[in-house]
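Student: This is query.txt (compact mmCIF, C-alpha atoms).
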# COMPACT_ATOMS: atom_id res chain seq x y z
CA MET A 331 0.00 0.00 0.00
CA ALA A 332 1.26 3.48 -0.88
CA ARG A 333 2.35 5.89 1.82
CA ALA A 334 -0.01 8.50 3.19
CA ILE A 335 -0.71 11.27 0.72
CA GLU A 336 0.10 13.93 3.33
CA ARG A 337 3.60 12.52 3.84
CA ILE A 338 4.23 12.35 0.10
CA GLU A 339 3.10 15.96 -0.29
CA GLN A 340 5.55 16.97 2.45
CA ASP A 341 8.35 15.29 0.50
CA ILE A 342 7.28 17.08 -2.69
CA ALA A 343 7.21 20.43 -0.89
CA ALA A 344 10.75 19.82 0.40
CA LEU A 345 11.91 18.93 -3.11
CA GLN A 346 10.29 22.07 -4.50
CA GLU A 347 12.13 24.18 -1.97
CA ALA A 348 15.42 22.51 -2.93
CA ILE A 349 14.70 23.12 -6.62
CA ARG A 350 13.98 26.81 -5.94
CA ALA A 351 17.40 27.04 -4.30
CA ILE A 352 18.94 25.34 -7.33
CA ALA A 353 17.13 27.80 -9.61
CA ILE A 354 18.65 30.76 -7.74
CA GLU A 355 22.10 29.18 -7.89
CA LEU A 356 21.74 28.38 -11.59
CA GLN A 357 20.58 31.91 -12.32
CA SER A 358 23.58 33.32 -10.48
CA ALA A 359 25.94 30.98 -12.32
CA TYR A 360 24.55 32.01 -15.70
CA ALA A 361 24.75 35.70 -14.78
CA SER A 362 28.48 35.27 -14.17
CA TYR A 363 28.92 33.03 -17.21
CA LEU A 364 27.11 35.28 -19.70
CA ASN A 365 28.86 38.40 -18.43
CA THR A 366 32.23 36.69 -18.86
CA LEU A 367 31.14 35.25 -22.20
CA GLY A 368 30.26 38.72 -23.46
CA LEU A 369 33.76 39.96 -22.66
CA ALA A 370 35.36 36.87 -24.17
CA VAL A 371 33.27 37.10 -27.35
CA ARG A 372 34.33 40.70 -27.90
CA LYS A 373 37.97 39.72 -27.45
CA GLN A 374 37.77 36.69 -29.75
CA LEU A 375 35.88 38.63 -32.41
CA ILE A 376 38.64 41.24 -32.48
CA LEU A 377 41.37 38.57 -32.57
CA ALA A 378 39.64 36.68 -35.38
CA SER A 379 39.12 39.92 -37.34
CA TYR A 380 42.77 40.86 -36.80
CA HIS A 381 43.96 37.49 -38.07
CA LEU A 382 41.64 37.61 -41.07
CA CYS A 383 42.71 41.15 -42.04
CA THR A 384 46.45 40.69 -41.50
CA GLN A 385 47.04 37.08 -42.53
CA GLY A 386 43.93 35.97 -44.41
CA TYR A 387 43.49 38.98 -46.71
CA PRO A 388 46.39 41.39 -45.99
CA GLU A 389 46.38 42.87 -49.53
CA ASN A 390 42.69 43.74 -49.34
CA PHE A 391 43.14 45.33 -45.90
CA LEU A 392 46.10 47.40 -47.12
CA HIS A 393 43.96 48.78 -49.93
CA LEU A 394 41.77 50.50 -47.34
CA SER A 395 42.52 54.06 -46.32
CA LEU A 396 43.39 54.88 -42.73
CA ASN A 397 39.90 56.24 -42.15
CA GLN A 398 38.31 53.12 -43.64
CA ARG A 399 40.41 50.87 -41.41
CA GLN A 400 39.46 52.85 -38.33
CA GLN A 401 35.77 52.75 -39.24
CA LEU A 402 35.98 48.99 -39.80
CA GLN A 403 37.65 48.47 -36.44
CA GLN A 404 35.07 50.66 -34.71
CA ALA A 405 32.26 48.73 -36.37
CA ILE A 406 33.74 45.40 -35.26
CA ARG A 407 34.00 46.67 -31.68
CA LYS A 408 30.38 47.83 -31.86
CA LEU A 409 29.21 44.39 -33.02
CA GLY A 410 31.02 42.77 -30.10
CA GLN A 411 29.43 45.20 -27.66
CA LEU A 412 25.96 44.56 -29.06
CA ALA A 413 26.47 40.81 -28.72
CA ALA A 414 27.61 41.17 -25.10
CA GLU A 415 24.53 43.24 -24.28
CA GLN A 416 22.25 40.79 -26.03
CA LEU A 417 23.62 37.86 -24.03
CA LEU A 418 22.57 39.51 -20.77
CA ILE A 419 19.02 40.26 -21.95
CA TYR A 420 17.98 36.69 -21.23
CA LEU A 421 18.59 37.13 -17.51
CA THR A 422 16.28 40.14 -17.24
CA SER A 423 12.54 40.52 -17.15
CA GLU A 424 10.50 40.92 -20.32
CA GLU A 425 10.11 44.63 -19.58
CA SER A 426 13.88 45.12 -19.37
CA ALA A 427 14.34 43.09 -22.55
CA GLU A 428 11.91 45.36 -24.38
CA ASP A 429 13.78 48.41 -23.12
CA GLU A 430 17.01 46.94 -24.46
CA VAL A 431 15.52 46.44 -27.89
CA ASP A 432 14.11 49.99 -27.84
CA GLU A 433 17.63 51.27 -27.21
CA GLU A 434 18.80 49.69 -30.46
CA ASP A 435 17.95 52.82 -32.46
CA ASP A 436 19.87 54.95 -29.99
CA ILE A 437 22.93 52.76 -30.47
CA ASP A 438 22.71 53.11 -34.24
CA GLU A 439 22.47 56.91 -33.95
CA GLU A 440 25.49 57.06 -31.66
CA TYR A 441 27.75 55.37 -34.20
CA GLU A 442 27.35 57.33 -37.44
CA MET A 443 29.66 55.73 -40.01
CA ASP A 444 29.85 55.24 -43.75
CA GLU A 445 27.15 52.89 -44.97
CA GLU A 446 29.72 50.43 -46.28
CA VAL A 447 30.93 49.42 -42.82
CA THR A 448 27.86 49.95 -40.63
CA PRO A 449 27.04 46.88 -38.47
CA SER A 450 23.68 45.26 -39.04
CA SER A 451 22.60 45.48 -35.42
CA SER A 452 18.97 44.71 -36.23
CA SER A 453 19.87 41.22 -37.43
CA LEU A 454 22.02 40.64 -34.35
CA PHE A 455 19.17 41.29 -31.92
CA LEU A 456 17.00 38.24 -31.29
CA ASN A 457 13.42 37.79 -30.15
CA THR A 458 13.59 38.24 -26.38
CA SER A 459 10.30 36.51 -25.64
CA SER A 460 12.26 33.54 -24.25
CA SER A 461 12.96 35.63 -21.14
CA GLN A 462 9.51 34.54 -19.96
CA TYR A 463 11.09 31.32 -18.69
CA LEU A 464 12.80 33.34 -15.99
CA THR A 465 9.49 34.05 -14.29
CA ALA A 466 8.11 30.55 -14.79
CA ASN A 467 7.46 28.21 -11.86
CA THR A 468 11.04 27.62 -10.76
CA SER A 469 9.99 24.90 -8.32
CA ASP A 470 9.26 22.75 -11.38
CA PRO A 471 12.47 21.09 -12.64
CA ILE A 472 11.01 20.69 -16.13
CA GLU A 473 10.35 24.42 -16.48
CA LEU A 474 13.77 25.22 -15.09
CA ALA A 475 15.39 22.83 -17.59
CA LYS A 476 13.46 24.51 -20.41
CA TRP A 477 14.71 27.92 -19.30
CA GLN A 478 18.29 26.64 -19.22
CA GLN A 479 17.98 25.08 -22.67
CA LYS A 480 16.53 28.28 -24.12
CA LEU A 481 19.43 30.23 -22.66
CA GLU A 482 21.98 27.90 -24.27
CA GLU A 483 20.21 28.06 -27.63
CA ALA A 484 20.08 31.85 -27.44
CA ALA A 485 23.84 32.05 -26.79
CA GLN A 486 24.56 29.82 -29.78
CA ASP A 487 22.21 31.84 -31.99
CA ILE A 488 23.90 35.09 -30.98
CA LEU A 489 27.33 33.69 -31.89
CA LYS A 490 26.05 32.55 -35.27
CA LYS A 491 24.43 35.91 -35.99
CA LEU A 492 27.50 37.76 -34.79
CA SER A 493 29.75 35.69 -37.07
CA HIS A 494 27.44 36.31 -40.01
CA ASP A 495 27.17 40.06 -39.39
CA ALA A 496 30.94 40.38 -38.90
CA ASN A 497 31.58 38.61 -42.20
CA LEU A 498 29.09 40.86 -43.99
CA LEU A 499 30.83 43.86 -42.44
CA LEU A 500 34.23 42.67 -43.67
CA GLN A 501 32.84 41.94 -47.11
CA LYS A 502 31.22 45.39 -47.42
CA ALA A 503 34.49 46.98 -46.32
CA GLY A 504 36.31 45.14 -49.11
CA VAL A 505 38.38 42.75 -46.98
CA LEU A 506 36.44 39.57 -47.72
CA PRO A 507 36.01 38.89 -51.47
CA LYS A 508 32.82 40.27 -52.95
CA LYS A 509 32.23 37.04 -54.89
CA LEU A 510 31.67 34.93 -51.76
CA PRO A 511 28.16 33.45 -51.79
CA GLU A 512 25.76 34.23 -48.93
CA PRO A 513 25.76 30.63 -47.55
CA ILE A 514 29.49 30.91 -46.80
CA LEU A 515 28.89 34.01 -44.74
CA ALA A 516 26.47 32.01 -42.60
CA ALA A 517 29.60 30.27 -41.24
CA ALA A 518 29.85 26.66 -40.05
CA ALA A 519 26.30 25.56 -40.81
CA ALA A 520 26.76 26.67 -44.41
CA ALA A 521 29.98 24.77 -45.00
CA SER A 522 28.30 21.58 -46.23
CA GLU A 523 25.79 23.59 -48.27
CA ALA A 524 28.67 25.21 -50.13
CA SER A 525 30.35 21.86 -50.88
CA ALA A 526 33.27 23.04 -48.80
CA GLU A 527 36.19 21.22 -47.28
CA VAL A 528 37.11 22.52 -43.84
CA MET A 529 40.84 23.07 -43.33
CA PRO A 530 42.75 23.43 -40.05
CA GLY A 531 43.45 26.97 -38.95
CA PRO A 532 43.25 29.54 -36.14
CA PRO A 533 40.37 29.38 -33.64
CA ASN A 534 37.05 31.05 -34.46
CA LEU A 535 37.91 31.22 -38.16
CA LEU A 536 36.51 29.06 -40.91
CA ASN A 537 39.19 28.07 -43.41
CA LEU A 538 37.58 26.51 -46.46
CA VAL A 539 38.16 25.38 -49.99
CA ILE A 540 34.91 25.90 -51.85
CA GLU A 541 33.67 25.47 -55.37
CA ILE A 542 31.95 28.55 -56.75
CA GLU A 543 29.82 27.74 -59.77
CA ASN A 544 30.29 30.07 -62.68
CA GLU A 545 29.43 29.18 -66.25
CA GLN A 546 32.18 31.44 -67.58
CA GLN A 547 34.90 29.79 -65.50
CA SER A 548 37.02 26.98 -66.85
CA GLU A 549 36.62 23.52 -65.37
CA ASP A 550 39.66 23.82 -63.10
CA SER A 551 39.12 27.39 -61.93
CA GLY A 552 36.09 26.88 -59.65
CA LEU A 553 38.03 26.00 -56.46
CA THR A 554 38.66 28.92 -54.12
CA GLN A 555 40.21 28.99 -50.65
CA ILE A 556 38.51 31.43 -48.33
CA MET A 557 38.66 32.43 -44.69
CA ALA A 558 35.70 33.72 -42.68
CA ILE A 559 34.84 34.41 -39.04
CA ASN A 560 33.08 31.54 -37.26
CA LEU A 561 32.84 32.11 -33.50
CA ARG A 562 32.52 28.77 -31.70
CA LEU A 563 31.47 28.49 -28.08
CA GLY A 564 33.82 25.59 -27.32
CA GLU A 565 36.87 27.47 -28.59
CA ILE A 566 35.88 30.66 -26.77
CA GLU A 567 35.48 28.74 -23.48
CA PHE A 568 38.79 26.91 -24.01
CA ALA A 569 40.65 30.21 -24.38
CA ASP A 570 39.24 31.77 -21.19
CA VAL A 571 39.99 30.26 -17.78
CA THR A 572 37.23 32.17 -16.00
CA LEU A 573 34.67 31.16 -18.60
CA SER A 574 35.73 27.50 -18.34
CA SER A 575 35.35 27.69 -14.58
CA ASP A 576 31.85 29.18 -14.92
CA ARG A 577 30.89 26.38 -17.31
CA LYS A 578 32.08 23.75 -14.83
CA ARG A 579 29.96 25.38 -12.13
CA ILE A 580 26.89 25.28 -14.38
CA ARG A 581 27.46 21.61 -15.17
CA SER A 582 27.74 20.81 -11.47
CA ILE A 583 24.46 22.59 -10.73
CA LEU A 584 22.74 20.77 -13.60
CA VAL A 585 23.85 17.43 -12.15
CA GLN A 586 22.11 18.38 -8.90
CA LEU A 587 19.03 19.55 -10.81
CA ASN A 588 18.80 16.27 -12.73
CA LYS A 589 19.03 14.31 -9.50
CA LEU A 590 16.29 16.38 -7.86
CA GLY A 591 14.23 16.16 -11.04
CA ARG A 592 14.26 12.37 -10.99
CA GLU A 593 13.25 12.34 -7.34
CA TYR A 594 10.54 14.94 -8.03
CA LYS A 595 9.08 12.80 -10.80
CA LYS A 596 9.22 9.71 -8.61
CA ARG A 597 7.34 11.41 -5.76
CA TYR A 598 4.63 12.73 -8.09
CA LYS A 599 4.07 9.23 -9.45
CA GLU A 600 3.92 7.90 -5.91
CA LYS A 601 1.35 10.57 -5.07
CA ALA A 602 -0.77 9.64 -8.11
CA ILE A 603 -0.70 5.97 -7.05
CA ALA A 604 -1.68 6.84 -3.48
CA GLU A 605 -4.54 9.06 -4.68
CA ALA A 606 -5.73 6.37 -7.08
CA GLU A 607 -5.74 3.75 -4.30
CA ALA A 608 -7.65 6.13 -2.02
CA ALA A 609 -10.18 6.81 -4.79
CA TRP A 610 -10.60 3.07 -5.36
CA ARG A 611 -11.29 2.46 -1.72
CA ALA A 612 -13.70 5.40 -1.52
CA SER A 613 -15.82 4.11 -4.37
CA TRP A 614 -15.64 0.38 -3.58
CA PHE A 615 -18.53 -1.35 -1.91
CA GLU A 616 -19.34 -5.01 -1.39
CA ASP A 617 -22.24 -6.58 -3.28
Let me see the structure of the file written as structure tokens.
Tutor:
Amino acid sequence: MARAIERIEQDIAALQEAIRAIAIELQSAYASYLNTLGLAVRKQLILASYHLCTQGYPENFLHLSLNQRQQLQQAIRKLGQLAAEQLLIYLTSEESAEDEVDEEDDIDEEYEMDEEVTPSSSSLFLNTSSSQYLTANTSDPIELAKWQQKLEEAAQDILKKLSHDANLLLQKAGVLPKKLPEPILAAAAAASEASAEVMPGPPNLLNLVIEIENEQQSEDSGLTQIMAINLRLGEIEFADVTLSSDRKRIRSILVQLNKLGREYKKRYKEKAIAEAEAAWRASWFED
């Protein structure tokens, strides 16, 4: 016979309290992680851009005037700053997230540059509706896991969009070749679509040999080696000790959450069994 429903409910209440504590700890861990990630992303974006301009396409970069180089560098820094701000939106309320998006126009007005090297900040900003998971029932491990998963997906999406926007910026400035097809500028996910062979190279850069179809080209002139920015979370974490430490802390918390989640599910099933047995007895009568 199942345990008393009251005792099971006490166990569930205790588990819910423990999960709330885990939620607070996980939130704190992600606040530290995303803040550090924002700084690391800005640094790695600049390093990748430096390598691409000085070793990938040095001739193209040298063709730029001093003013054009400075505008390009300023635009790259702006993209990194926008990405860092966007990462932190997912730890705020929906109201704060909306305020952040409203400030986008102000950011664009602050950085008046030539159209050729103006960052596409609108494409970098994502739909912030996922911040609703922050105010969900954090005593429910399933809802908390959903919030965590959304946060991870958002971080990956921001890196992909940042890589794409940075490549467009470099192409408009004349550093990346104008003939590169749009799928290549979408970074890693586009590599297979472009029939590309990935080559070893520096971190956060995509080094490819691609075949660009052109009816006017000869049969052996379609292969082109290109380099493009491709920010990867694993490489960014590997290069930053603090970020790696924050990731380890998050993993440790998730292990605790998974353990509590299994126990939570077990207790709810036990409660359902106890309630079903009580209902059976309440409705049973002898002929």
Student: Which residues of range 350-388 of chain A sit at most 9 Å from range 580-598 of chain A, using all atoms listed in the file? Give each one's shortest atom pair and distance in Å (one decimal place), in chain and ascending residue order, as JSON lines.
Tutor:
{"residue": "A:Ile352", "atom": "CA", "partner": "A:Leu587", "partner_atom": "CA", "distance": 6.8}
{"residue": "A:Ala353", "atom": "CA", "partner": "A:Leu587", "partner_atom": "CA", "distance": 8.6}
{"residue": "A:Glu355", "atom": "CA", "partner": "A:Ile583", "partner_atom": "CA", "distance": 7.6}
{"residue": "A:Leu356", "atom": "CA", "partner": "A:Ile583", "partner_atom": "CA", "distance": 6.5}
{"residue": "A:Ala359", "atom": "CA", "partner": "A:Ile580", "partner_atom": "CA", "distance": 6.1}
{"residue": "A:Tyr360", "atom": "CA", "partner": "A:Ile580", "partner_atom": "CA", "distance": 7.2}
{"residue": "A:Tyr363", "atom": "CA", "partner": "A:Ile580", "partner_atom": "CA", "distance": 8.5}
Student: Would you mind telling me which residue in A:Leu417, A:Ile556, A:Ile338, A:Leu375 lies nearest to Leu481 in chain A when using all atoms listed in the file?
Tutor: A:Leu417
Student: When you count all atoms listed in the file, which of these residues is closest to Ile406 in chain A: A:Ala503, A:Ala558, A:Ile376, A:Ala569?
Tutor: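 Between A:Ala503, A:Ala558, A:Ile376, A:Ala569, the residue approaching Ile406 in chain A most closely is A:Ile376.
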Student: Any idea what the distance is between CA of Gly564 in chain A and CA of Leu474 in chain A?
Tutor: 23.5 Å
Student: So, with all atoms listed in the file as the atoms that count, which of A:Leu367, A:Ala378, A:Ile342, A:Leu498 lies closest to Asn534 in chain A?
Tutor: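 Checking each of A:Leu367, A:Ala378, A:Ile342, A:Leu498 against Asn534 in chain A, counting all atoms listed in the file, the winner is A:Ala378.
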Student: Please provide the set of residues having any atom within 8 Å of range 386-394 of chain A, restricted to all atoms listed in the file, with same-chain residues fewer than 4 positions apart removed, written as a ChimeraX atom specification.
Tutor: /A:381-382,398-399,504-506,557
Student: Pick from A:Leu535, A:Ala606, A:Ala370, A:Ala361: nearest to Val571 in chain A, with all atoms listed in the file counted?
Tutor: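 Using all atoms listed in the file, the shortest distance to Val571 in chain A belongs to A:Ala370.
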Student: How far is it from CA of Ser379 in chain A to CA of Ile559 in chain A, in Å with one decimal?
Tutor: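 A separation of 7.2 Å between them.
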Student: Would you compute the distance between CA of Ile419 in chain A and CA of Lys491 in chain A? Give it in Å to one decimal.
Tutor: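 If I compute the distance from CA of Ile419 in chain A to CA of Lys491 in chain A, I get 15.7 Å.
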Student: Would you list the residues near (33.5, 47.6, -33.3) (no more than 10 Å away, in the coordinates of the file, using all atoms listed in the file) as a PDB file with C-alpha atoms, in the coordinates of the input?
Tutor:
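Now in result.pdb:
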ATOM      1  CA  ARG A 372      34.330  40.700 -27.900  1.00  0.00           C
ATOM      2  CA  LEU A 375      35.880  38.630 -32.410  1.00  0.00           C
ATOM      3  CA  ILE A 376      38.640  41.240 -32.480  1.00  0.00           C
ATOM      4  CA  GLN A 400      39.460  52.850 -38.330  1.00  0.00           C
ATOM      5  CA  GLN A 401      35.770  52.750 -39.240  1.00  0.00           C
ATOM      6  CA  LEU A 402      35.980  48.990 -39.800  1.00  0.00           C
ATOM      7  CA  GLN A 403      37.650  48.470 -36.440  1.00  0.00           C
ATOM      8  CA  GLN A 404      35.070  50.660 -34.710  1.00  0.00           C
ATOM      9  CA  ALA A 405      32.260  48.730 -36.370  1.00  0.00           C
ATOM     10  CA  ILE A 406      33.740  45.400 -35.260  1.00  0.00           C
ATOM     11  CA  ARG A 407      34.000  46.670 -31.680  1.00  0.00           C
ATOM     12  CA  LYS A 408      30.380  47.830 -31.860  1.00  0.00           C
ATOM     13  CA  LEU A 409      29.210  44.390 -33.020  1.00  0.00           C
ATOM     14  CA  GLY A 410      31.020  42.770 -30.100  1.00  0.00           C
ATOM     15  CA  GLN A 411      29.430  45.200 -27.660  1.00  0.00           C
ATOM     16  CA  LEU A 412      25.960  44.560 -29.060  1.00  0.00           C
ATOM     17  CA  TYR A 441      27.750  55.370 -34.200  1.00  0.00           C
ATOM     18  CA  THR A 448      27.860  49.950 -40.630  1.00  0.00           C
ATOM     19  CA  PRO A 449      27.040  46.880 -38.470  1.00  0.00           C
ATOM     20  CA  ALA A 496      30.940  40.380 -38.900  1.00  0.00           C
TER      21      ALA A 496
END
Student: From the options A:Lys490, A:Arg333, A:Lys373, A:Lys502, which residue's atoms come nearest to Glu605 in chain A, counting only C-alpha atoms?
Tutor: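 Ranked by minimum distance to Glu605 in chain A, first place goes to A:Arg333.
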Student: For Ser575 in chain A, which residue among A:Lys601, A:Trp477, A:Gln555, A:Thr366 is the nearest when counting only C-alpha atoms?
Tutor: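 Smallest separation from Ser575 in chain A among the options: A:Thr366.
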Student: For range 569-574 of chain A, I'd like the enclosing box, axis-aligned and padded by 6 Å on every side, reported as AutoDock Vina command-line options with centre and edge lengths in Å to one decimal.
Tutor:
--center_x 37.7 --center_y 29.8 --center_z -20.2 --size_x 18.0 --size_y 16.7 --size_z 20.4
